[in-house]
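Colleague: Here you go, one structure.
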There are 2 protein chains.
Amino acid sequence: MKQSETLTVGVVQHGCGERMDQNLERVLAGIDEAAARGAQLVLLQELHNHRYFCQTEDPKLFDHAEPVPGPTTQALGDIARHRSVCIVGSVFERRTAGIYHNTAVALDRDGTLSGIYRKMHIPDDPGYHEKFYFTPGDQGFRPIDTSAGRLGVLVCWDQWYPEAARLMALAGAELLLFPSAIGWDSGDDAAERQRQIESWTTIQRSHAIANGIPAVCCNRVGREDGTLFWGSSFACGPQGEILWSGATDADTVGVVAIDRRRPEQVRRIWPFLRDRRIDSYADICARFKD
Amino acid sequence: MKQSETLTVGVVQHGCGERMDQNLERVLAGIDEAAARGAQLVLLQELHNHRYFCQTEDPKLFDHAEPVPGPTTQALGDIARHRSVCIVGSVFERRTAGIYHNTAVALDRDGTLSGIYRKMHIPDDPGYHEKFYFTPGDQGFRPIDTSAGRLGVLVCWDQWYPEAARLMALAGAELLLFPSAIGWDSGDDAAERQRQIESWTTIQRSHAIANGIPAVCCNRVGREDGTLFWGSSFACGPQGEILWSGATDADTVGVVAIDRRRPEQVRRIWPFLRDRRIDSYADICARFKD
């Protein structure tokens with residue numbers, strides 16, 4: 001299929017309540033709105049059907065995991081086909097008893113499941129007990145081919161790792177996508193909050209810059225127990241230039257046009273991939289050199 | 001030696017004229033000023049003794065290269081000892097006939113040459129014909145131990161490569177230092193200029209963030225032929241937070257206090273190094289996966 005010169009991307013940022021069915025309704029309404037406004041690809045936030053349940057460790061919560069394909073990919077596939085839009089969503093996946101993943105799913109505009117990405121980097125910090133819930137992904141950093149392009153889908157904590165973005169780009173990703181769930185701890189003061197949100201934006205913009213491709217991030221909003229999720233979903237171009245950004249504290253559906261020609265223009269003036277010292281990077285695979 | 005809780009870093013940003021002796025005088029005056037204002041470590045800009053000669057390819061210009069150690073490290077070592085300050089400078093190095101490097105040099109406060117770093121990533125773009133002049137470094141990404149700490153010195157084009165910063169951090173670098181020479185082409189419009197300078201700041205801040213260590217950058221100012229060097233030297237902390245920044249268009253000596261305790265605090269709340277998927281990074285050493 002010949003691609004247009006512009007890719008229109010929708011971003012659905014929202015708060016989540018206790019009821020998964022109501023969260024999913026909000027997601028579907030957001031996809032409807034983004035599609036109506038011309039989106040060809042819609043990015044959802046991490047674990048969009050759930051409250052961010054990783055604030056505590058509770059084995060009962062594995063009951064909320066589901067297979068992939070399963071009910072959520074079915075619902076997203078149905079609306080993808082109905083609205084003829086690609087969707088990147090996020091599922092708490094039950095792969096088998098005792099193996100659960102934080103899994104991004106890509107539905108093409110005909111409703112088929114184009115591929116999945118299982119979160120590779122798993123955090124574990126106060127308020128983010130993800131190592132209890134999520135088995136680390138074992139499929140590596142493989143982009144997903146869709147009619148909207150080859151998508152480098154990564155999930156939240158992955159966004160802090162330049163290696164992840166680089167590996168997606170080296171595998172031909174045309175666009176980086178980051179479903180996210182990150183917020184401030186209630187103990188953080190104003191200066192720390194500012195440093196954190198700027199760090200988070202800065203490093204994701206830098207992945208776009210390092211690799212000469214656009215990046216889009218979708219993060220939830222709202223207070224859930226001790227965490228205030230900071231929203232601020234955004235899209236940037238291949239020089240990290242901000243094309244759109246959402247509020248810190250409100251449900252938002254963003255729709256942004258991304259120039260598909262710009263990455264090749266930028267990689268010609270800044271040919272970083274040409275000059276990589278691949279003869280000298282082996283120690284990237286070391287834990288630490290002591 | 002027990003280190004103080006604060007490291008005071010000086011940055012000497014300046015324009016360069018045709019006469020190397022006058023450029024060096026400006027450098028020495030800047031070091032004097034920074035030391036007088038309390039700097040324990042002074043960072044100079046890339047090729048600070050020279051006009052940025054890589055705008056054209058001229059074999060005669062290799063006459064300006066010098067050995068390391070040599071006259072420039074002698075001059076920097078003398079003032080380092082005299083002012084009891086560490087200095088990171090930059091030399092157009094003649095290693096042998098036909099092998100010339102773009103080399104950063106670290107002088108300790110007793111005047112000894114602590115170590116060198118030979119630029120690993122060499123650009124070649126209109127106005128930056130560095131592949132003609134500079135043989136790629138063959139010593140890898142090794143930090144330099146000094147009384148001011150273990151320094152992750154990288155040079156200009158290296159700053160676009162997350163791999164370079166990561167390898168320095170994995171080798172124990174406590175601080176990233178980037179001598180630089182980058183500017184706008186006279187054909188760039190205002191929007192492109194803004195994108196470029198923001199990209200450049202953003203990606204260097206991101207290296208600090210990804211690795212949880214501070215970064216300091218020193219870039220020249222002034223118009224030289226078709227290039228307007230954009231200055232904007234800066235220092236940031238381990239969350240990428242800007243601690244000091246210089247003008248885009250004026251000689252500047254900056255002196256900034258960096259908290260040595262902050263990196264460990266930040267790495268405890270954002271333990272990115274803990275969660276690296278070193279089992280899955282091997283393809284970082286590939287050129288492209290096609």
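Each chain in the structure tokens gets a letter, A, B and so on, in the order shown; residues start at 1 in every chain, and ligands are counted from 1 in the order they appear.
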Where does chain A meet chain B within 6 Å, residue by residue, with the nearest atom pair and distance in Å to one decimal for each, counting only C-alpha atoms, listed by chain and rising number, as CSV?
Modeller:
residue,atom,partner,partner_atom,distance
A:Leu170,CA,B:Phe288,CA,4.9
A:Ala171,CA,B:Lys289,CA,5.1
A:Ser199,CA,B:Gln239,CA,5.8
A:Thr202,CA,B:Thr202,CA,5.9
A:Ile203,CA,B:Ser206,CA,4.9
A:Ser206,CA,B:Ile203,CA,4.9
A:Gln239,CA,B:Ser199,CA,5.8
A:Ile278,CA,B:Cys285,CA,4.6
A:Tyr281,CA,B:Cys285,CA,5.9
A:Cys285,CA,B:Ile278,CA,4.6
A:Phe288,CA,B:Leu170,CA,4.9
A:Lys289,CA,B:Ala171,CA,5.1
Colleague: Selected residues, N, CA and C atoms, written as a PDB file, in the first residue's frame, please.
Modeller:
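Final file, out-v7.pdb:
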ATOM      1  N   LEU A 170      16.971   0.155  14.640  1.00  0.00           N
ATOM      2  CA  LEU A 170      17.829  -0.713  13.815  1.00  0.00           C
ATOM      3  C   LEU A 170      17.019  -1.832  13.162  1.00  0.00           C
ATOM      4  N   ALA A 171      15.885  -2.150  13.751  1.00  0.00           N
ATOM      5  CA  ALA A 171      14.996  -3.149  13.149  1.00  0.00           C
ATOM      6  C   ALA A 171      13.986  -2.487  12.217  1.00  0.00           C
ATOM      7  N   SER A 199      12.556  15.267  32.938  1.00  0.00           N
ATOM      8  CA  SER A 199      13.421  14.123  32.605  1.00  0.00           C
ATOM      9  C   SER A 199      12.706  13.177  31.662  1.00  0.00           C
ATOM     10  N   THR A 202      12.221  14.700  28.268  1.00  0.00           N
ATOM     11  CA  THR A 202      13.524  14.868  27.626  1.00  0.00           C
ATOM     12  C   THR A 202      14.056  13.556  27.085  1.00  0.00           C
ATOM     13  N   ILE A 203      13.981  12.498  27.877  1.00  0.00           N
ATOM     14  CA  ILE A 203      14.612  11.260  27.402  1.00  0.00           C
ATOM     15  C   ILE A 203      13.821  10.643  26.253  1.00  0.00           C
ATOM     16  N   SER A 206      14.714  12.474  23.255  1.00  0.00           N
ATOM     17  CA  SER A 206      16.075  12.122  22.828  1.00  0.00           C
ATOM     18  C   SER A 206      16.099  10.832  22.020  1.00  0.00           C
ATOM     19  N   GLN A 239      13.517  15.433  15.228  1.00  0.00           N
ATOM     20  CA  GLN A 239      14.509  16.250  15.931  1.00  0.00           C
ATOM     21  C   GLN A 239      14.073  16.491  17.374  1.00  0.00           C
ATOM     22  N   ILE A 278      30.137   0.431  15.683  1.00  0.00           N
ATOM     23  CA  ILE A 278      29.640  -0.893  16.058  1.00  0.00           C
ATOM     24  C   ILE A 278      30.772  -1.849  16.439  1.00  0.00           C
ATOM     25  N   TYR A 281      31.034  -1.289  20.651  1.00  0.00           N
ATOM     26  CA  TYR A 281      29.869  -1.227  21.547  1.00  0.00           C
ATOM     27  C   TYR A 281      29.626  -2.510  22.337  1.00  0.00           C
ATOM     28  N   CYS A 285      26.537  -4.762  26.502  1.00  0.00           N
ATOM     29  CA  CYS A 285      25.916  -5.973  27.051  1.00  0.00           C
ATOM     30  C   CYS A 285      26.487  -6.366  28.409  1.00  0.00           C
ATOM     31  N   PHE A 288      28.207  -4.037  34.369  1.00  0.00           N
ATOM     32  CA  PHE A 288      29.060  -2.942  34.837  1.00  0.00           C
ATOM     33  C   PHE A 288      30.490  -3.419  34.646  1.00  0.00           C
ATOM     34  N   LYS A 289      31.391  -2.502  34.400  1.00  0.00           N
ATOM     35  CA  LYS A 289      32.788  -2.879  34.164  1.00  0.00           C
ATOM     36  C   LYS A 289      33.602  -2.590  35.412  1.00  0.00           C
TER      37      LYS A 289
END
Colleague: Could you name the residues that touch range 6-11 of chain B at 9 Å or less, counting only C-alpha atoms, but leaving out those on the same chain fewer than 4 positions away, as number ranges by chain?
Modeller: B: 30-31, 33-35, 37-45, 148-149, 216-218, 233-235, 246, 252-261
Colleague: CA of Arg26 in chain B and CA of Phe92 in chain B are how many Å apart?
Modeller: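 Separation between CA of Arg26 in chain B and CA of Phe92 in chain B: 17.5 Å.
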Colleague: If you run DSSP on the backbone, which residues of range 22-270 of chain A are strand (DSSP E), as a PyMOL selection string?
Modeller: chain A and resi 41-44+86-96+99-107+113-118+144-146+149-153+175-180+183-185+215-219+221-224+227-230+234-236+242-245+252-259
Colleague: What's the 7 Å shell around Leu175 in chain A, counting only C-alpha atoms, without same-chain residues fewer than 6 positions away, as a list of chain:residue names?
Modeller: A:Leu151, A:Gly152, A:Ile213, A:Pro214, A:Ala215
Colleague: Mind dumping the selected residues with all heavy atoms as a PDB file, in the first residue's frame?
Modeller:
ATOM      1  N   LEU A 151       5.935  -0.114  13.481  1.00  0.00           N
ATOM      2  CA  LEU A 151       5.798   0.584  14.758  1.00  0.00           C
ATOM      3  C   LEU A 151       6.765   0.043  15.807  1.00  0.00           C
ATOM      4  O   LEU A 151       6.756  -1.160  16.102  1.00  0.00           O
ATOM      5  CB  LEU A 151       4.364   0.442  15.277  1.00  0.00           C
ATOM      6  CG  LEU A 151       3.244   0.827  14.281  1.00  0.00           C
ATOM      7  CD1 LEU A 151       1.874   0.640  14.946  1.00  0.00           C
ATOM      8  CD2 LEU A 151       3.430   2.251  13.778  1.00  0.00           C
ATOM      9  N   GLY A 152       7.561   0.919  16.383  1.00  0.00           N
ATOM     10  CA  GLY A 152       8.445   0.560  17.485  1.00  0.00           C
ATOM     11  C   GLY A 152       7.724   0.802  18.798  1.00  0.00           C
ATOM     12  O   GLY A 152       7.855   1.866  19.389  1.00  0.00           O
ATOM     13  N   ILE A 213      13.598   9.513  14.131  1.00  0.00           N
ATOM     14  CA  ILE A 213      12.206   9.127  13.881  1.00  0.00           C
ATOM     15  C   ILE A 213      11.297   9.782  14.916  1.00  0.00           C
ATOM     16  O   ILE A 213      11.754  10.131  16.000  1.00  0.00           O
ATOM     17  CB  ILE A 213      12.002   7.592  13.917  1.00  0.00           C
ATOM     18  CG1 ILE A 213      12.603   6.972  15.181  1.00  0.00           C
ATOM     19  CG2 ILE A 213      12.596   6.940  12.669  1.00  0.00           C
ATOM     20  CD1 ILE A 213      12.368   5.453  15.299  1.00  0.00           C
ATOM     21  N   PRO A 214      10.015   9.954  14.587  1.00  0.00           N
ATOM     22  CA  PRO A 214       9.099  10.570  15.554  1.00  0.00           C
ATOM     23  C   PRO A 214       8.817   9.636  16.739  1.00  0.00           C
ATOM     24  O   PRO A 214       9.070   8.431  16.665  1.00  0.00           O
ATOM     25  CB  PRO A 214       7.807  10.780  14.744  1.00  0.00           C
ATOM     26  CG  PRO A 214       8.172  10.555  13.313  1.00  0.00           C
ATOM     27  CD  PRO A 214       9.355   9.642  13.318  1.00  0.00           C
ATOM     28  N   ALA A 215       8.299  10.221  17.791  1.00  0.00           N
ATOM     29  CA  ALA A 215       7.907   9.450  18.975  1.00  0.00           C
ATOM     30  C   ALA A 215       6.582   9.985  19.500  1.00  0.00           C
ATOM     31  O   ALA A 215       6.327  11.191  19.439  1.00  0.00           O
ATOM     32  CB  ALA A 215       8.984   9.542  20.059  1.00  0.00           C
TER      33      ALA A 215
END
Colleague: Do a neighbour search on Leu107 in chain B at 6 Å with only C-alpha atoms, toss out local chain neighbours closer than 3 positions, and write the hits as number ranges by chain.
Modeller: B: 77, 86-87, 111-114
Colleague: Grab the residues selected above and save them as a PDB file, in the first residue's frame with all heavy atoms.
Modeller:
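What ended up in out_4.pdb:
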ATOM      1  N   GLY B  77      49.116  22.062  31.284  1.00  0.00           N
ATOM      2  CA  GLY B  77      49.663  21.465  32.496  1.00  0.00           C
ATOM      3  C   GLY B  77      50.294  22.516  33.398  1.00  0.00           C
ATOM      4  O   GLY B  77      50.153  22.457  34.631  1.00  0.00           O
ATOM      5  N   CYS B  86      42.105  20.985  37.794  1.00  0.00           N
ATOM      6  CA  CYS B  86      42.078  20.018  36.697  1.00  0.00           C
ATOM      7  C   CYS B  86      41.540  20.705  35.446  1.00  0.00           C
ATOM      8  O   CYS B  86      40.668  21.577  35.534  1.00  0.00           O
ATOM      9  CB  CYS B  86      41.162  18.840  37.020  1.00  0.00           C
ATOM     10  SG  CYS B  86      41.773  17.801  38.328  1.00  0.00           S
ATOM     11  N   ILE B  87      42.037  20.282  34.291  1.00  0.00           N
ATOM     12  CA  ILE B  87      41.609  20.885  33.030  1.00  0.00           C
ATOM     13  C   ILE B  87      41.332  19.780  32.013  1.00  0.00           C
ATOM     14  O   ILE B  87      42.130  18.853  31.871  1.00  0.00           O
ATOM     15  CB  ILE B  87      42.701  21.825  32.467  1.00  0.00           C
ATOM     16  CG1 ILE B  87      42.973  22.968  33.453  1.00  0.00           C
ATOM     17  CG2 ILE B  87      42.298  22.372  31.091  1.00  0.00           C
ATOM     18  CD1 ILE B  87      44.204  23.801  33.095  1.00  0.00           C
ATOM     19  N   GLY B 111      49.485  19.189  37.211  1.00  0.00           N
ATOM     20  CA  GLY B 111      50.058  19.434  35.893  1.00  0.00           C
ATOM     21  C   GLY B 111      50.322  18.186  35.072  1.00  0.00           C
ATOM     22  O   GLY B 111      50.666  18.280  33.888  1.00  0.00           O
ATOM     23  N   THR B 112      50.129  17.015  35.664  1.00  0.00           N
ATOM     24  CA  THR B 112      50.383  15.787  34.898  1.00  0.00           C
ATOM     25  C   THR B 112      49.235  15.512  33.933  1.00  0.00           C
ATOM     26  O   THR B 112      48.094  15.888  34.174  1.00  0.00           O
ATOM     27  CB  THR B 112      50.552  14.560  35.829  1.00  0.00           C
ATOM     28  OG1 THR B 112      49.359  14.427  36.607  1.00  0.00           O
ATOM     29  CG2 THR B 112      51.741  14.739  36.749  1.00  0.00           C
ATOM     30  N   LEU B 113      49.581  14.833  32.854  1.00  0.00           N
ATOM     31  CA  LEU B 113      48.579  14.414  31.877  1.00  0.00           C
ATOM     32  C   LEU B 113      47.932  13.125  32.400  1.00  0.00           C
ATOM     33  O   LEU B 113      48.531  12.058  32.361  1.00  0.00           O
ATOM     34  CB  LEU B 113      49.263  14.182  30.517  1.00  0.00           C
ATOM     35  CG  LEU B 113      48.382  13.770  29.347  1.00  0.00           C
ATOM     36  CD1 LEU B 113      47.350  14.837  29.001  1.00  0.00           C
ATOM     37  CD2 LEU B 113      49.246  13.444  28.115  1.00  0.00           C
ATOM     38  N   SER B 114      46.696  13.235  32.864  1.00  0.00           N
ATOM     39  CA  SER B 114      46.023  12.071  33.470  1.00  0.00           C
ATOM     40  C   SER B 114      45.595  11.064  32.425  1.00  0.00           C
ATOM     41  O   SER B 114      45.526   9.862  32.708  1.00  0.00           O
ATOM     42  CB  SER B 114      44.767  12.523  34.217  1.00  0.00           C
ATOM     43  OG  SER B 114      45.090  13.413  35.237  1.00  0.00           O
TER      44      SER B 114
END
Colleague: So that I can check the secondary structure, give me every residue of range 86-207 of chain A assigned helix (DSSP H, G or I) by backbone DSSP, as a PyMOL selection string.
Modeller: chain A and resi 130-133+156-160+162-170+190-207
Colleague: Work out how far apart CA of Ala75 in chain B and CA of Val105 in chain B are and give it in Å to one decimal.
Modeller: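 Result for CA of Ala75 in chain B versus CA of Val105 in chain B: 12.0 Å, one decimal.
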Colleague: Find the residues near Glu224 in chain A: any atom within 12 Å, counting only C-alpha atoms, skip ones fewer than 2 places away on the same chain, and give them as an MDAnalysis selection string.
Modeller: chainID A and resid 15:18 50:56 127 181:186 220:222 226:230
Colleague: Would you put the residues from that selection into a file with N, CA and C atoms, as an mmCIF file, in the first residue's frame?
Modeller:
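Generated file (selection_29.cif):
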data_model
loop_
_atom_site.group_PDB
_atom_site.id
_atom_site.type_symbol
_atom_site.label_atom_id
_atom_site.label_comp_id
_atom_site.auth_asym_id
_atom_site.auth_seq_id
_atom_site.Cartn_x
_atom_site.Cartn_y
_atom_site.Cartn_z
ATOM 1 N N GLY A 15 -8.116 9.246 32.888
ATOM 2 C CA GLY A 15 -8.059 8.666 34.218
ATOM 3 C C GLY A 15 -8.773 7.322 34.234
ATOM 4 N N CYS A 16 -8.455 6.489 35.220
ATOM 5 C CA CYS A 16 -9.050 5.153 35.310
ATOM 6 C C CYS A 16 -9.714 4.968 36.668
ATOM 7 N N GLY A 17 -10.931 4.403 36.637
ATOM 8 C CA GLY A 17 -11.638 4.079 37.873
ATOM 9 C C GLY A 17 -11.531 2.596 38.188
ATOM 10 N N GLU A 18 -12.286 2.167 39.200
ATOM 11 C CA GLU A 18 -12.222 0.774 39.645
ATOM 12 C C GLU A 18 -12.808 -0.187 38.619
ATOM 13 N N HIS A 50 -7.386 -0.654 33.465
ATOM 14 C CA HIS A 50 -7.200 -0.903 34.894
ATOM 15 C C HIS A 50 -6.816 0.365 35.646
ATOM 16 N N ARG A 51 -7.217 0.432 36.903
ATOM 17 C CA ARG A 51 -6.446 1.254 37.821
ATOM 18 C C ARG A 51 -5.009 0.739 37.786
ATOM 19 N N TYR A 52 -4.059 1.587 38.149
ATOM 20 C CA TYR A 52 -2.674 1.114 38.167
ATOM 21 C C TYR A 52 -2.492 0.270 39.426
ATOM 22 N N PHE A 53 -2.705 -1.039 39.269
ATOM 23 C CA PHE A 53 -2.844 -1.932 40.428
ATOM 24 C C PHE A 53 -1.506 -2.303 41.063
ATOM 25 N N CYS A 54 -0.390 -1.870 40.474
ATOM 26 C CA CYS A 54 0.922 -2.307 40.958
ATOM 27 C C CYS A 54 1.411 -1.531 42.179
ATOM 28 N N GLN A 55 0.538 -0.696 42.737
ATOM 29 C CA GLN A 55 0.949 0.034 43.935
ATOM 30 C C GLN A 55 1.078 -0.898 45.142
ATOM 31 N N THR A 56 0.406 -2.050 45.077
ATOM 32 C CA THR A 56 0.559 -3.053 46.129
ATOM 33 C C THR A 56 0.750 -4.420 45.465
ATOM 34 N N GLY A 127 5.584 2.013 45.099
ATOM 35 C CA GLY A 127 4.435 2.447 44.297
ATOM 36 C C GLY A 127 4.368 1.824 42.914
ATOM 37 N N ALA A 181 2.468 4.758 32.248
ATOM 38 C CA ALA A 181 1.705 5.028 33.483
ATOM 39 C C ALA A 181 2.716 5.510 34.497
ATOM 40 N N ILE A 182 2.892 6.820 34.559
ATOM 41 C CA ILE A 182 3.910 7.373 35.455
ATOM 42 C C ILE A 182 3.369 8.622 36.107
ATOM 43 N N GLY A 183 3.717 8.782 37.372
ATOM 44 C CA GLY A 183 3.216 9.941 38.099
ATOM 45 C C GLY A 183 4.128 10.287 39.256
ATOM 46 N N TRP A 184 3.670 11.298 39.982
ATOM 47 C CA TRP A 184 4.430 11.765 41.133
ATOM 48 C C TRP A 184 3.984 11.046 42.390
ATOM 49 N N ASP A 185 4.935 10.810 43.244
ATOM 50 C CA ASP A 185 4.625 10.347 44.587
ATOM 51 C C ASP A 185 4.165 11.542 45.415
ATOM 52 N N SER A 186 3.236 11.287 46.331
ATOM 53 C CA SER A 186 2.696 12.410 47.105
ATOM 54 C C SER A 186 3.773 13.074 47.961
ATOM 55 N N ARG A 220 -1.392 8.142 31.537
ATOM 56 C CA ARG A 220 -2.662 8.386 32.229
ATOM 57 C C ARG A 220 -2.625 9.635 33.105
ATOM 58 N N VAL A 221 -3.796 10.072 33.521
ATOM 59 C CA VAL A 221 -3.936 11.188 34.469
ATOM 60 C C VAL A 221 -4.716 10.705 35.684
ATOM 61 N N GLY A 222 -4.714 11.548 36.707
ATOM 62 C CA GLY A 222 -5.565 11.324 37.868
ATOM 63 C C GLY A 222 -4.818 10.764 39.063
ATOM 64 N N GLY A 226 -1.546 6.732 46.324
ATOM 65 C CA GLY A 226 -0.438 7.646 46.610
ATOM 66 C C GLY A 226 0.197 8.289 45.396
ATOM 67 N N THR A 227 -0.333 8.003 44.215
ATOM 68 C CA THR A 227 0.317 8.494 43.003
ATOM 69 C C THR A 227 -0.601 9.435 42.223
ATOM 70 N N LEU A 228 -0.011 10.552 41.791
ATOM 71 C CA LEU A 228 -0.730 11.481 40.917
ATOM 72 C C LEU A 228 -0.137 11.337 39.519
ATOM 73 N N PHE A 229 -0.838 10.655 38.640
ATOM 74 C CA PHE A 229 -0.325 10.427 37.287
ATOM 75 C C PHE A 229 -0.328 11.746 36.526
ATOM 76 N N TRP A 230 0.768 12.000 35.811
ATOM 77 C CA TRP A 230 0.998 13.362 35.313
ATOM 78 C C TRP A 230 0.607 13.589 33.857
#
Colleague: Figure out the distance between CA of Val88 in chain B and CA of Ala247 in chain B, please, to one decimal in Å.
Modeller: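 So the two atoms, CA of Ala247 in chain B and CA of Val88 in chain B, lie 20.7 Å apart.
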Colleague: Rank nothing, just name the residue among B:Ser232, B:Pro263, B:Ile79, B:Pro59 nearest to Ala29 in chain B, using only C-alpha atoms.
Modeller: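 Selected residue with least distance to Ala29 in chain B: B:Ile79.
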